[in-house]
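As stored in model-v9.cif (mmCIF, C-alpha atoms (C1' of nucleotides)):
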data_target
#
loop_
_atom_site.label_atom_id
_atom_site.label_comp_id
_atom_site.auth_asym_id
_atom_site.auth_seq_id
_atom_site.Cartn_x
_atom_site.Cartn_y
_atom_site.Cartn_z
CA MET A 1178 14.72 11.06 -40.56
CA THR A 1179 13.98 10.03 -36.99
CA ALA A 1180 17.44 8.58 -36.69
CA LYS A 1181 16.21 5.00 -36.58
CA LEU A 1182 18.21 3.52 -33.80
CA ALA A 1183 16.30 0.42 -34.54
CA ILE A 1184 16.19 -1.83 -31.46
CA GLU A 1185 15.38 -4.76 -33.59
CA GLN A 1186 15.37 -7.57 -31.09
CA THR A 1187 15.20 -10.78 -33.03
CA ASP A 1188 14.93 -12.68 -29.79
CA ASP A 1189 18.31 -14.35 -30.03
CA ALA A 1190 20.24 -11.47 -31.48
CA ARG A 1191 20.44 -9.90 -28.04
CA ALA A 1192 22.29 -12.52 -26.10
CA SER A 1193 25.06 -10.39 -24.63
CA SER A 1194 24.75 -6.60 -24.71
CA LYS A 1195 27.13 -6.16 -21.78
CA GLY A 1196 24.71 -5.70 -18.94
CA ALA A 1197 23.33 -2.22 -18.72
CA GLN A 1198 20.16 -2.58 -20.70
CA ASP A 1199 19.24 -5.77 -22.41
CA LEU A 1200 17.36 -3.70 -24.93
CA ILE A 1201 13.62 -4.02 -25.14
CA PRO A 1202 11.95 -7.33 -24.37
CA ALA A 1203 9.62 -8.32 -27.13
CA ILE A 1204 6.57 -8.47 -24.89
CA PHE A 1205 6.77 -4.77 -24.15
CA GLN A 1206 7.90 -3.74 -27.59
CA ASP A 1207 4.98 -1.43 -28.29
CA ARG A 1208 3.95 -0.56 -24.77
CA LEU A 1209 4.12 3.17 -24.27
CA GLY A 1210 3.98 2.82 -20.51
CA TYR A 1211 6.95 0.54 -20.43
CA HIS A 1212 9.10 2.70 -22.68
CA LEU A 1213 8.12 5.79 -20.76
CA ARG A 1214 9.13 4.24 -17.48
CA VAL A 1215 12.44 2.90 -18.71
CA ALA A 1216 13.41 6.05 -20.57
CA GLN A 1217 12.62 8.25 -17.59
CA GLU A 1218 14.63 5.98 -15.33
CA ALA A 1219 17.59 6.16 -17.70
CA SER A 1220 17.34 9.91 -17.93
CA PHE A 1221 17.08 10.30 -14.19
CA GLN A 1222 20.02 8.03 -13.53
CA ALA A 1223 22.14 9.95 -15.99
CA PHE A 1224 21.26 13.23 -14.33
CA ALA A 1225 21.75 11.82 -10.84
CA LYS A 1226 25.17 10.58 -11.84
CA ALA A 1227 26.13 13.99 -13.17
CA THR A 1228 24.99 15.79 -10.04
CA GLY A 1229 26.46 13.10 -7.84
CA ARG A 1230 29.89 13.71 -9.30
CA ALA A 1231 29.60 17.25 -7.96
CA ASP A 1232 28.28 15.98 -4.61
CA LEU A 1233 24.88 17.48 -5.26
CA LYS A 1234 21.46 15.92 -5.07
CA PRO A 1235 19.35 15.85 -8.22
CA GLY A 1236 16.22 16.75 -6.28
CA TRP A 1237 17.68 20.09 -5.34
CA TYR A 1238 17.77 21.41 -8.85
CA ALA A 1239 14.08 22.00 -9.40
CA LEU A 1240 13.62 23.48 -5.96
CA LEU A 1241 16.49 25.91 -6.16
CA THR A 1242 15.62 26.87 -9.69
CA VAL A 1243 12.04 27.69 -8.88
CA LEU A 1244 13.27 29.76 -5.96
CA THR A 1245 15.41 31.89 -8.23
CA GLU A 1246 12.25 33.09 -9.90
CA ARG A 1247 10.38 34.54 -7.00
CA ASP A 1248 12.28 36.03 -4.14
CA SER A 1249 10.47 33.99 -1.56
CA MET A 1250 7.70 31.49 -1.39
CA THR A 1251 6.03 28.99 0.93
CA PRO A 1252 6.59 25.23 0.82
CA SER A 1253 3.06 24.78 -0.47
CA GLU A 1254 3.65 27.09 -3.40
CA LEU A 1255 6.88 25.32 -4.16
CA SER A 1256 5.10 22.02 -4.04
CA ARG A 1257 2.45 23.08 -6.50
CA ILE A 1258 4.90 24.58 -8.92
CA CYS A 1259 7.27 21.65 -8.80
CA GLY A 1260 4.44 19.19 -9.19
CA ARG A 1261 5.44 17.28 -6.09
CA ASP A 1262 3.49 16.44 -2.99
CA ARG A 1263 4.00 18.78 -0.04
CA SER A 1264 5.23 15.94 2.10
CA THR A 1265 8.17 15.25 -0.16
CA LEU A 1266 9.51 18.74 0.33
CA THR A 1267 9.92 18.54 4.07
CA SER A 1268 13.16 16.62 4.08
CA SER A 1269 14.54 18.37 1.02
CA LEU A 1270 13.95 21.76 2.58
CA LYS A 1271 15.53 20.67 5.82
CA ASP A 1272 18.50 19.44 3.85
CA LEU A 1273 18.81 22.68 1.90
CA SER A 1274 18.42 24.67 5.07
CA ASP A 1275 21.07 22.66 6.90
CA ARG A 1276 23.50 23.39 4.13
CA GLY A 1277 22.74 27.06 4.18
CA LEU A 1278 21.32 27.11 0.67
CA ILE A 1279 17.96 28.47 1.78
CA GLU A 1280 16.62 30.43 4.72
CA ARG A 1281 13.26 29.99 6.33
CA HIS A 1282 11.50 33.06 7.64
CA PRO A 1283 8.43 32.87 9.83
CA ASN A 1284 5.38 34.44 8.30
CA PRO A 1285 4.06 37.12 10.67
CA ASP A 1286 0.58 36.84 9.22
CA ASP A 1287 0.32 33.08 9.65
CA GLN A 1288 2.12 31.16 12.35
CA ARG A 1289 1.62 27.84 10.59
CA SER A 1290 3.54 28.86 7.54
CA TYR A 1291 6.89 30.26 6.65
CA SER A 1292 8.61 31.53 3.56
CA VAL A 1293 11.67 30.10 1.91
CA ARG A 1294 14.39 32.18 0.34
CA LEU A 1295 17.59 31.42 -1.47
CA THR A 1296 20.78 32.46 0.27
CA GLU A 1297 23.75 33.68 -1.69
CA GLU A 1298 25.22 30.22 -1.44
CA GLY A 1299 21.95 28.79 -2.61
CA ARG A 1300 22.06 31.00 -5.65
CA GLY A 1301 25.59 29.87 -6.41
CA MET A 1302 24.60 26.26 -6.01
CA GLN A 1303 21.66 26.75 -8.32
CA GLU A 1304 24.00 28.08 -10.95
CA ARG A 1305 26.24 25.07 -10.66
CA LEU A 1306 23.26 22.78 -10.97
CA GLN A 1307 21.96 24.77 -13.88
CA VAL A 1308 25.11 24.00 -15.81
CA ILE A 1309 24.66 20.31 -15.21
CA ALA A 1310 20.94 20.41 -16.01
CA ASP A 1311 21.61 22.34 -19.19
CA ALA A 1312 24.11 19.80 -20.35
CA HIS A 1313 21.75 16.98 -19.52
CA ASP A 1314 18.87 18.56 -21.33
CA ARG A 1315 21.00 19.34 -24.33
CA ARG A 1316 21.86 15.70 -24.48
CA LEU A 1317 18.22 14.74 -24.39
CA GLU A 1318 17.48 17.23 -27.12
CA GLU A 1319 20.21 15.83 -29.29
CA ILE A 1320 18.74 12.39 -28.93
CA ALA A 1321 15.26 13.64 -29.68
CA GLY A 1322 16.57 15.57 -32.64
CA GLU A 1323 13.95 16.90 -34.94
CA ASP A 1324 11.29 15.01 -33.03
CA LYS A 1325 11.81 17.17 -30.00
CA GLU A 1326 8.74 19.31 -30.44
CA VAL A 1327 6.40 16.41 -31.03
CA PHE A 1328 7.93 14.51 -28.17
CA LEU A 1329 7.52 17.42 -25.85
CA SER A 1330 3.94 17.98 -26.82
CA VAL A 1331 3.02 14.37 -26.17
CA LEU A 1332 4.64 14.51 -22.74
CA ALA A 1333 2.75 17.68 -21.92
CA ARG A 1334 -0.52 16.13 -23.02
CA LEU A 1335 0.10 13.02 -20.95
CA THR A 1336 0.77 15.11 -17.89
CA ALA A 1337 -2.26 17.27 -18.39
CA VAL A 1338 -4.66 14.41 -19.00
CA LEU A 1339 -3.36 11.98 -16.40
CA SER A 1340 -2.77 14.58 -13.73
CA MET B 814 -8.04 11.50 -35.54
CA THR B 815 -5.26 12.42 -33.11
CA ALA B 816 -7.95 13.57 -30.79
CA LYS B 817 -6.31 16.96 -30.52
CA LEU B 818 -6.15 17.26 -26.82
CA ALA B 819 -4.42 20.51 -27.37
CA ILE B 820 -3.12 21.86 -24.05
CA GLU B 821 -2.12 25.10 -25.60
CA GLN B 822 -0.40 26.89 -22.76
CA THR B 823 -0.24 30.45 -23.92
CA ASP B 824 1.69 31.45 -20.85
CA ASP B 825 -1.08 33.37 -19.18
CA ALA B 826 -3.97 31.19 -20.20
CA ARG B 827 -3.12 28.78 -17.42
CA ALA B 828 -3.62 30.82 -14.31
CA SER B 829 -5.93 28.63 -12.26
CA SER B 830 -6.39 24.94 -13.22
CA LYS B 831 -7.83 23.84 -9.88
CA GLY B 832 -4.93 22.41 -7.91
CA ALA B 833 -3.83 19.01 -9.10
CA GLN B 834 -1.22 20.18 -11.51
CA ASP B 835 -0.41 23.81 -11.85
CA LEU B 836 0.49 22.97 -15.41
CA ILE B 837 4.00 23.64 -16.44
CA PRO B 838 6.02 26.29 -14.67
CA ALA B 839 7.56 28.65 -17.17
CA ILE B 840 11.10 27.92 -16.09
CA PHE B 841 10.81 24.32 -17.18
CA GLN B 842 8.65 24.98 -20.18
CA ASP B 843 11.04 23.50 -22.71
CA ARG B 844 12.98 21.14 -20.50
CA LEU B 845 12.67 17.63 -21.83
CA GLY B 846 13.94 16.14 -18.59
CA TYR B 847 11.31 17.89 -16.55
CA HIS B 848 8.44 16.90 -18.82
CA LEU B 849 9.69 13.37 -19.01
CA ARG B 850 9.80 13.06 -15.25
CA VAL B 851 6.39 14.56 -14.65
CA ALA B 852 4.69 12.62 -17.42
CA GLN B 853 6.15 9.34 -16.24
CA GLU B 854 5.07 10.07 -12.70
CA ALA B 855 1.54 10.82 -13.87
CA SER B 856 1.43 7.68 -15.95
CA PHE B 857 2.75 5.56 -13.14
CA GLN B 858 0.33 6.97 -10.61
CA ALA B 859 -2.58 6.32 -12.94
CA PHE B 860 -1.50 2.73 -13.42
CA ALA B 861 -0.84 2.23 -9.72
CA LYS B 862 -4.28 3.53 -8.93
CA ALA B 863 -5.85 1.12 -11.39
CA THR B 864 -4.00 -1.87 -10.00
CA GLY B 865 -4.54 -0.70 -6.45
CA ARG B 866 -8.28 -0.79 -6.94
CA ALA B 867 -7.88 -4.51 -7.61
CA ASP B 868 -5.55 -4.88 -4.63
CA LEU B 869 -2.62 -5.62 -6.89
CA LYS B 870 0.81 -4.07 -7.02
CA PRO B 871 1.89 -2.34 -10.21
CA GLY B 872 5.36 -3.84 -9.99
CA TRP B 873 3.97 -7.33 -10.37
CA TYR B 874 2.77 -6.80 -13.87
CA ALA B 875 6.08 -6.74 -15.67
CA LEU B 876 7.42 -9.65 -13.67
CA LEU B 877 4.45 -11.91 -14.17
CA THR B 878 4.17 -10.99 -17.80
CA VAL B 879 7.77 -11.82 -18.56
CA LEU B 880 7.30 -15.11 -16.77
CA THR B 881 4.43 -16.07 -19.05
CA GLU B 882 6.87 -16.06 -21.92
CA ARG B 883 9.39 -18.59 -20.77
CA ASP B 884 8.31 -21.40 -18.54
CA SER B 885 10.95 -20.71 -15.97
CA MET B 886 13.83 -18.35 -15.43
CA THR B 887 16.28 -17.18 -12.82
CA PRO B 888 15.98 -13.88 -10.95
CA SER B 889 19.02 -12.59 -12.82
CA GLU B 890 17.44 -13.27 -16.18
CA LEU B 891 14.25 -11.61 -15.03
CA SER B 892 16.22 -8.64 -13.86
CA ARG B 893 17.98 -8.21 -17.19
CA ILE B 894 14.82 -8.56 -19.19
CA CYS B 895 12.80 -6.22 -17.01
CA GLY B 896 15.58 -3.64 -16.99
CA ARG B 897 15.66 -3.53 -13.21
CA ASP B 898 18.48 -4.13 -10.80
CA ARG B 899 18.65 -7.62 -9.35
CA SER B 900 18.33 -6.26 -5.85
CA THR B 901 14.93 -4.81 -6.54
CA LEU B 902 13.53 -8.19 -7.41
CA THR B 903 14.24 -9.82 -4.09
CA SER B 904 11.32 -8.38 -2.23
CA SER B 905 8.97 -8.57 -5.20
CA LEU B 906 9.74 -12.23 -5.69
CA LYS B 907 9.26 -12.95 -2.02
CA ASP B 908 5.95 -11.17 -2.21
CA LEU B 909 4.84 -13.09 -5.27
CA SER B 910 6.01 -16.31 -3.70
CA ASP B 911 4.17 -15.63 -0.45
CA ARG B 912 0.97 -15.17 -2.38
CA GLY B 913 1.46 -18.34 -4.32
CA LEU B 914 1.78 -16.60 -7.67
CA ILE B 915 5.20 -18.05 -8.37
CA GLU B 916 7.21 -21.07 -7.26
CA ARG B 917 10.92 -21.17 -6.70
CA HIS B 918 12.75 -24.34 -7.60
CA PRO B 919 16.36 -24.96 -6.62
CA ASN B 920 18.69 -25.37 -9.53
CA PRO B 921 20.46 -28.71 -9.25
CA ASP B 922 23.36 -27.48 -11.39
CA ASP B 923 24.01 -24.38 -9.33
CA GLN B 924 23.28 -24.15 -5.65
CA ARG B 925 23.45 -20.37 -5.66
CA SER B 926 20.61 -19.95 -8.05
CA TYR B 927 17.05 -21.05 -8.47
CA SER B 928 14.41 -20.84 -11.11
CA VAL B 929 11.12 -19.05 -10.88
CA ARG B 930 7.90 -20.34 -12.38
CA LEU B 931 4.39 -19.06 -12.58
CA THR B 932 1.77 -21.04 -10.71
CA GLU B 933 -1.72 -21.42 -12.05
CA GLU B 934 -2.80 -18.61 -9.76
CA GLY B 935 0.07 -16.54 -11.01
CA ARG B 936 -1.08 -17.04 -14.55
CA GLY B 937 -4.57 -15.96 -13.61
CA MET B 938 -3.26 -12.93 -11.82
CA GLN B 939 -1.17 -12.01 -14.84
CA GLU B 940 -4.27 -12.10 -16.98
CA ARG B 941 -6.10 -9.77 -14.64
CA LEU B 942 -3.17 -7.39 -14.64
CA GLN B 943 -2.92 -7.62 -18.39
CA VAL B 944 -6.44 -6.27 -18.71
CA ILE B 945 -5.54 -3.29 -16.56
CA ALA B 946 -2.26 -2.71 -18.36
CA ASP B 947 -3.97 -2.92 -21.72
CA ALA B 948 -6.50 -0.33 -20.72
CA HIS B 949 -3.80 1.92 -19.38
CA ASP B 950 -1.70 1.64 -22.48
CA ARG B 951 -4.68 2.23 -24.70
CA ARG B 952 -5.28 5.42 -22.80
CA LEU B 953 -1.70 6.50 -23.34
CA GLU B 954 -2.00 5.70 -27.02
CA GLU B 955 -5.13 7.75 -27.33
CA ILE B 956 -3.36 10.70 -25.82
CA ALA B 957 -0.35 10.26 -28.05
CA GLY B 958 -2.64 9.89 -31.04
CA GLU B 959 -0.92 10.04 -34.37
CA ASP B 960 2.33 10.98 -32.65
CA LYS B 961 2.55 7.60 -31.03
CA GLU B 962 5.19 6.17 -33.33
CA VAL B 963 7.47 9.17 -33.12
CA PHE B 964 6.99 9.33 -29.38
CA LEU B 965 7.85 5.70 -28.99
CA SER B 966 10.92 5.97 -31.13
CA VAL B 967 12.27 8.87 -29.12
CA LEU B 968 11.73 6.98 -25.88
CA ALA B 969 13.52 3.96 -27.30
CA ARG B 970 16.43 6.10 -28.43
CA LEU B 971 16.69 7.77 -25.04
CA THR B 972 16.81 4.41 -23.33
CA ALA B 973 19.36 3.02 -25.73
CA VAL B 974 21.70 5.99 -25.52
CA LEU B 975 21.44 6.76 -21.82
CA SER B 976 21.45 3.15 -20.70
"C1'" DA C 987 44.01 -29.86 -5.44
"C1'" DC C 988 43.80 -25.19 -3.91
"C1'" DT C 989 43.78 -20.59 -4.20
"C1'" DA C 990 42.04 -16.66 -6.68
"C1'" DT C 991 38.42 -14.71 -9.21
"C1'" DA C 992 33.74 -14.43 -10.91
"C1'" DT C 993 28.87 -14.92 -10.31
"C1'" DA C 994 23.84 -15.47 -7.95
"C1'" DA C 995 21.10 -13.72 -4.74
"C1'" DT C 996 20.38 -10.98 -0.64
"C1'" DT C 997 21.09 -7.22 2.52
"C1'" DT C 998 21.76 -2.52 3.59
"C1'" DG C 999 21.55 2.30 2.72
"C1'" DA C 1000 20.20 6.09 -0.23
"C1'" DC C 1001 16.95 8.77 -3.05
"C1'" DA C 1002 12.43 10.02 -5.24
"C1'" DC C 1003 7.61 9.88 -4.79
"C1'" DC C 1004 2.59 9.65 -2.92
"C1'" DA C 1005 -1.27 9.37 0.41
"C1'" DA C 1006 -3.29 9.32 4.80
"C1'" DA C 1007 -2.93 10.65 9.56
"C1'" DC C 1008 -1.53 14.21 12.81
"C1'" DT C 1009 -0.52 18.94 14.98
"C1'" DA C 1010 -0.93 23.60 15.10
"C1'" DT C 1011 -3.09 27.55 13.59
"C1'" DC C 1012 -6.40 30.27 11.07
"C1'" DT C 1013 -11.12 31.23 9.46
"C1'" DT C 1014 -16.19 30.70 9.46
"C1'" DG C 1015 -20.63 30.55 11.20
"C1'" DC C 1016 -23.63 30.75 14.52
"C1'" DG D 1333 -16.89 34.52 21.55
"C1'" DC D 1334 -16.34 29.84 20.59
"C1'" DA D 1335 -17.01 25.56 18.40
"C1'" DA D 1336 -16.52 23.51 13.58
"C1'" DG D 1337 -14.12 23.21 9.62
"C1'" DA D 1338 -10.25 24.48 6.51
"C1'" DT D 1339 -5.36 24.91 5.75
"C1'" DA D 1340 0.13 24.66 6.45
"C1'" DG D 1341 3.55 21.79 7.44
"C1'" DT D 1342 5.26 17.42 9.30
"C1'" DT D 1343 5.18 12.52 10.26
"C1'" DT D 1344 4.50 7.84 9.14
"C1'" DG D 1345 4.10 4.09 6.09
"C1'" DG D 1346 4.13 2.33 1.44
"C1'" DT D 1347 6.00 1.93 -3.54
"C1'" DG D 1348 9.76 1.83 -6.86
"C1'" DT D 1349 14.60 2.37 -8.03
"C1'" DC D 1350 19.85 1.96 -7.84
"C1'" DA D 1351 24.53 0.91 -5.97
"C1'" DA D 1352 27.75 -1.08 -2.89
"C1'" DA D 1353 28.73 -4.58 0.36
"C1'" DT D 1354 27.90 -9.54 1.89
"C1'" DT D 1355 27.45 -14.54 1.61
"C1'" DA D 1356 27.54 -18.69 -0.72
"C1'" DT D 1357 28.84 -21.27 -4.54
"C1'" DA D 1358 31.28 -22.06 -9.17
"C1'" DT D 1359 34.92 -21.79 -12.20
"C1'" DA D 1360 39.87 -20.90 -13.62
"C1'" DG D 1361 44.64 -21.01 -13.23
"C1'" DT D 1362 48.51 -22.81 -11.76
#
Represent the supplied structure as structure tokens.
Amino acid sequence: MTAKLAIEQTDDARASSKGAQDLIPAIFQDRLGYHLRVAQEASFQAFAKATGRADLKPGWYALLTVLTERDSMTPSELSRICGRDRSTLTSSLKDLSDRGLIERHPNPDDQRSYSVRLTEEGRGMQERLQVIADAHDRRLEEIAGEDKEVFLSVLARLTAVLS
Amino acid sequence: MTAKLAIEQTDDARASSKGAQDLIPAIFQDRLGYHLRVAQEASFQAFAKATGRADLKPGWYALLTVLTERDSMTPSELSRICGRDRSTLTSSLKDLSDRGLIERHPNPDDQRSYSVRLTEEGRGMQERLQVIADAHDRRLEEIAGEDKEVFLSVLARLTAVLS
DNA sequence: ACTATATAATTTGACACCAAACTATCTTGC
DNA sequence: GCAAGATAGTTTGGTGTCAAATTATATAGT
């Protein structure tokens, strides 16, 4: 089982390899941190490429998707749920707003805050992104194969402990 | 062993959780891509914090460490081995050079290129970073527990396939 | 030899992220 | 009621990453 894609790396058996990824340098062979970083980067780039082909931004997906769940929410709530700092949402929300994918409504009870809501267009866009995200995730699942559950549980533990 | 860090997540047993990480939003519950992103971010932030306390930059570690292996190499080689785009090395190398951690020597056979070499200080700095990286990775391994091998193999497969 | 192509490194522009500082508003406590 | 502190959102500055365009130099082909 486990599909054994090997990654042997006998130090000279990796001369060429085109250019994309020169496989794993021996020094980092068993470094979880290194593999985690590189795998995440590869996954992100693949997803970004897929969304880019449709002229969408990868960062929109999580935001729009969360917004489909509750009819309206504040930037702070979004930030907590998406696991991103509040400050990173500012430009994304402006972007989404400029493109008419979300609407911002002032909160009558609190002048500092406002609520964000998907527009019809936003909902449509979310659906388009969902298709891409689904395909991407299916691909990841295929690669993980039967190890998916274990893999997922380790990731969840890492997040919880290192939060 | 395995330390059973659990993180059950019975859907309603995660209401509060202070504020850092609102645990996993239900929508992304079984999304590998989401978990991968968040876990990597958490891991990176933890490492950055550790290096930051010593007034070091996390990005230096991989570079310096690779340089300890071969006495000298070009930026392009470094880039391939580290799995990072050449363009991202420019500023890092300037930084390392400014601090006297590496030396750049013109290549007599090719005026376009140069070779990079660790200085004595650079070697010392690498050792300090190695201590931090070791501790970090040990922490990750503890969290992964007995699932470490499987986890690592999935990461390696992801990188290889999505490269 | 001389042009045409390939390569090394840098620059520029884009995106994702965090953390600390700042502004405006709301809430507390006296 | 009003000053002190908390909170919402934005701004600014820093990190890490990629990709495309640029510049300089090497190599190939004719």
### Task
Run the PyMOL selection byres ((chain D) within 10 of (chain A)) on the file and write out the hits as an NGL selection string.
:D and (1339-1343 or 1349-1350)
### Task
Find the residues near Thr878 (chain B): any atom within 10 Å, counting only C-alpha atoms (C1' of nucleotides), skip ones fewer than 2 places away on the same chain, and give them as a ChimeraX atom specification.
/A:1204-1205 /B:873-876,880-883,895,931,935-936,938-940,942-943
### Query
When the cut-off is 9 Å and we count all atoms listed in the file, which residues of chain C are near chain A, given as a PyMOL selection string?
chain C and resi 1001-1004+1010-1012
### Task
Dump as a ChimeraX atom specification the residues of chain B that approach chain A to within 8 Å, counting only C-alpha atoms.
/B:818-820,832-838,840,843-846,848-853,855-857,859,878-879,893-896,949-950,953-954,956-957,960,963-976
Would you output that residue set with C-alpha atoms, as a short mmCIF file (atom, residue, chain, number, x, y, z; two decimals), in the frame of the given file?
data_model
loop_
_atom_site.label_atom_id
_atom_site.label_comp_id
_atom_site.auth_asym_id
_atom_site.auth_seq_id
_atom_site.Cartn_x
_atom_site.Cartn_y
_atom_site.Cartn_z
CA LEU B 818 -6.15 17.26 -26.82
CA ALA B 819 -4.42 20.51 -27.37
CA ILE B 820 -3.12 21.86 -24.05
CA GLY B 832 -4.93 22.41 -7.91
CA ALA B 833 -3.83 19.01 -9.10
CA GLN B 834 -1.22 20.18 -11.51
CA ASP B 835 -0.41 23.81 -11.85
CA LEU B 836 0.49 22.97 -15.41
CA ILE B 837 4.00 23.64 -16.44
CA PRO B 838 6.02 26.29 -14.67
CA ILE B 840 11.10 27.92 -16.09
CA ASP B 843 11.04 23.50 -22.71
CA ARG B 844 12.98 21.14 -20.50
CA LEU B 845 12.67 17.63 -21.83
CA GLY B 846 13.94 16.14 -18.59
CA HIS B 848 8.44 16.90 -18.82
CA LEU B 849 9.69 13.37 -19.01
CA ARG B 850 9.80 13.06 -15.25
CA VAL B 851 6.39 14.56 -14.65
CA ALA B 852 4.69 12.62 -17.42
CA GLN B 853 6.15 9.34 -16.24
CA ALA B 855 1.54 10.82 -13.87
CA SER B 856 1.43 7.68 -15.95
CA PHE B 857 2.75 5.56 -13.14
CA ALA B 859 -2.58 6.32 -12.94
CA THR B 878 4.17 -10.99 -17.80
CA VAL B 879 7.77 -11.82 -18.56
CA ARG B 893 17.98 -8.21 -17.19
CA ILE B 894 14.82 -8.56 -19.19
CA CYS B 895 12.80 -6.22 -17.01
CA GLY B 896 15.58 -3.64 -16.99
CA HIS B 949 -3.80 1.92 -19.38
CA ASP B 950 -1.70 1.64 -22.48
CA LEU B 953 -1.70 6.50 -23.34
CA GLU B 954 -2.00 5.70 -27.02
CA ILE B 956 -3.36 10.70 -25.82
CA ALA B 957 -0.35 10.26 -28.05
CA ASP B 960 2.33 10.98 -32.65
CA VAL B 963 7.47 9.17 -33.12
CA PHE B 964 6.99 9.33 -29.38
CA LEU B 965 7.85 5.70 -28.99
CA SER B 966 10.92 5.97 -31.13
CA VAL B 967 12.27 8.87 -29.12
CA LEU B 968 11.73 6.98 -25.88
CA ALA B 969 13.52 3.96 -27.30
CA ARG B 970 16.43 6.10 -28.43
CA LEU B 971 16.69 7.77 -25.04
CA THR B 972 16.81 4.41 -23.33
CA ALA B 973 19.36 3.02 -25.73
CA VAL B 974 21.70 5.99 -25.52
CA LEU B 975 21.44 6.76 -21.82
CA SER B 976 21.45 3.15 -20.70
#
### Message
For the PyMOL selection byres ((chain C and resi 1014) around 12), applied here, can you spell out every residue it catches as a list of chain:residue names?
### Response
C:DC1012, C:DT1013, C:DG1015, C:DC1016, D:DC1334, D:DA1335, D:DA1336, D:DG1337, D:DA1338
### Message
Just the number, please: distance in Å from CA of Ile1309 (chain A) to CA of Gly1277 (chain A), one decimal.
### Response
20.6 Å
### Query
RMSD over all C-alpha atoms, chain A superposed on chain B in order?
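Across all paired C-alpha atoms, the RMSD is 1.4 Å.
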The PyMOL selection byres ((chain D and resi 1346) around 10) on the file shown: which residues, as a short mmCIF file (atom, residue, chain, number, x, y, z; two decimals) with C-alpha atoms (C1' of nucleotides), in the frame of the given file?
data_model
loop_
_atom_site.label_atom_id
_atom_site.label_comp_id
_atom_site.auth_asym_id
_atom_site.auth_seq_id
_atom_site.Cartn_x
_atom_site.Cartn_y
_atom_site.Cartn_z
"C1'" DC C 1004 2.59 9.65 -2.92
"C1'" DA C 1005 -1.27 9.37 0.41
"C1'" DT D 1344 4.50 7.84 9.14
"C1'" DG D 1345 4.10 4.09 6.09
"C1'" DT D 1347 6.00 1.93 -3.54
#
#### Entry: Within 9 Å of file point (31.9, -16.4, -11.5), counting all atoms listed in the file, expressed as a list in words
DT991, DA992, DT993 and DA994 of chain C; DA1358 and DT1359 of chain D
### Message
Quick check, in Å to one decimal: how far apart do CA of Pro919 (chain B) and C1' of DG1348 (chain D) lie?
### Response
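Pair CA of Pro919 (chain B) / C1' of DG1348 (chain D) returns 27.6 Å.
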### Query
Quick one: distance from CA of Ser1292 (chain A) to CA of Met1250 (chain A) in Å, one decimal?
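For CA of Ser1292 (chain A) relative to CA of Met1250 (chain A), the distance reads 5.0 Å.
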### Query
Which is closest to Leu869 (chain B) among B:Leu914, B:Val929, B:Leu891, B:Ala948, if we use all atoms listed in the file?
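Comparing B:Leu914, B:Val929, B:Leu891, B:Ala948 against Leu869 (chain B), the winner is B:Leu914.
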For region 880-893 of chain B, I'd like the enclosing box, axis-aligned and padded by 6 Å on every side, reported as JSON with centre and edge lengths in Å to one decimal.
{"center_x": 11.7, "center_y": -14.8, "center_z": -16.4, "size_x": 26.6, "size_y": 25.2, "size_z": 23.0}
### Task
Find the residues around DA1353 (chain D) up to 12 Å (all atoms listed in the file counted), leave out those fewer than 6 positions away in its own chain, and share them as number ranges by chain.
C: 996-999
#### Entry: Shell of 12 Å around DC988 (chain C), only C-alpha atoms (C1' of nucleotides), local chain residues under 2 positions omitted, as a list in words
DA990 of chain C; DA1360, DG1361 and DT1362 of chain D
Would you put the residues from that selection into a file with C-alpha atoms (C1' of nucleotides), as a PDB file, in the frame of the given file?
ATOM      1  C1'  DA C 990      42.040 -16.660  -6.680  1.00  0.00           C
TER       2       DA C 990
ATOM      3  C1'  DA D1360      39.870 -20.900 -13.620  1.00  0.00           C
ATOM      4  C1'  DG D1361      44.640 -21.010 -13.230  1.00  0.00           C
ATOM      5  C1'  DT D1362      48.510 -22.810 -11.760  1.00  0.00           C
TER       6       DT D1362
END
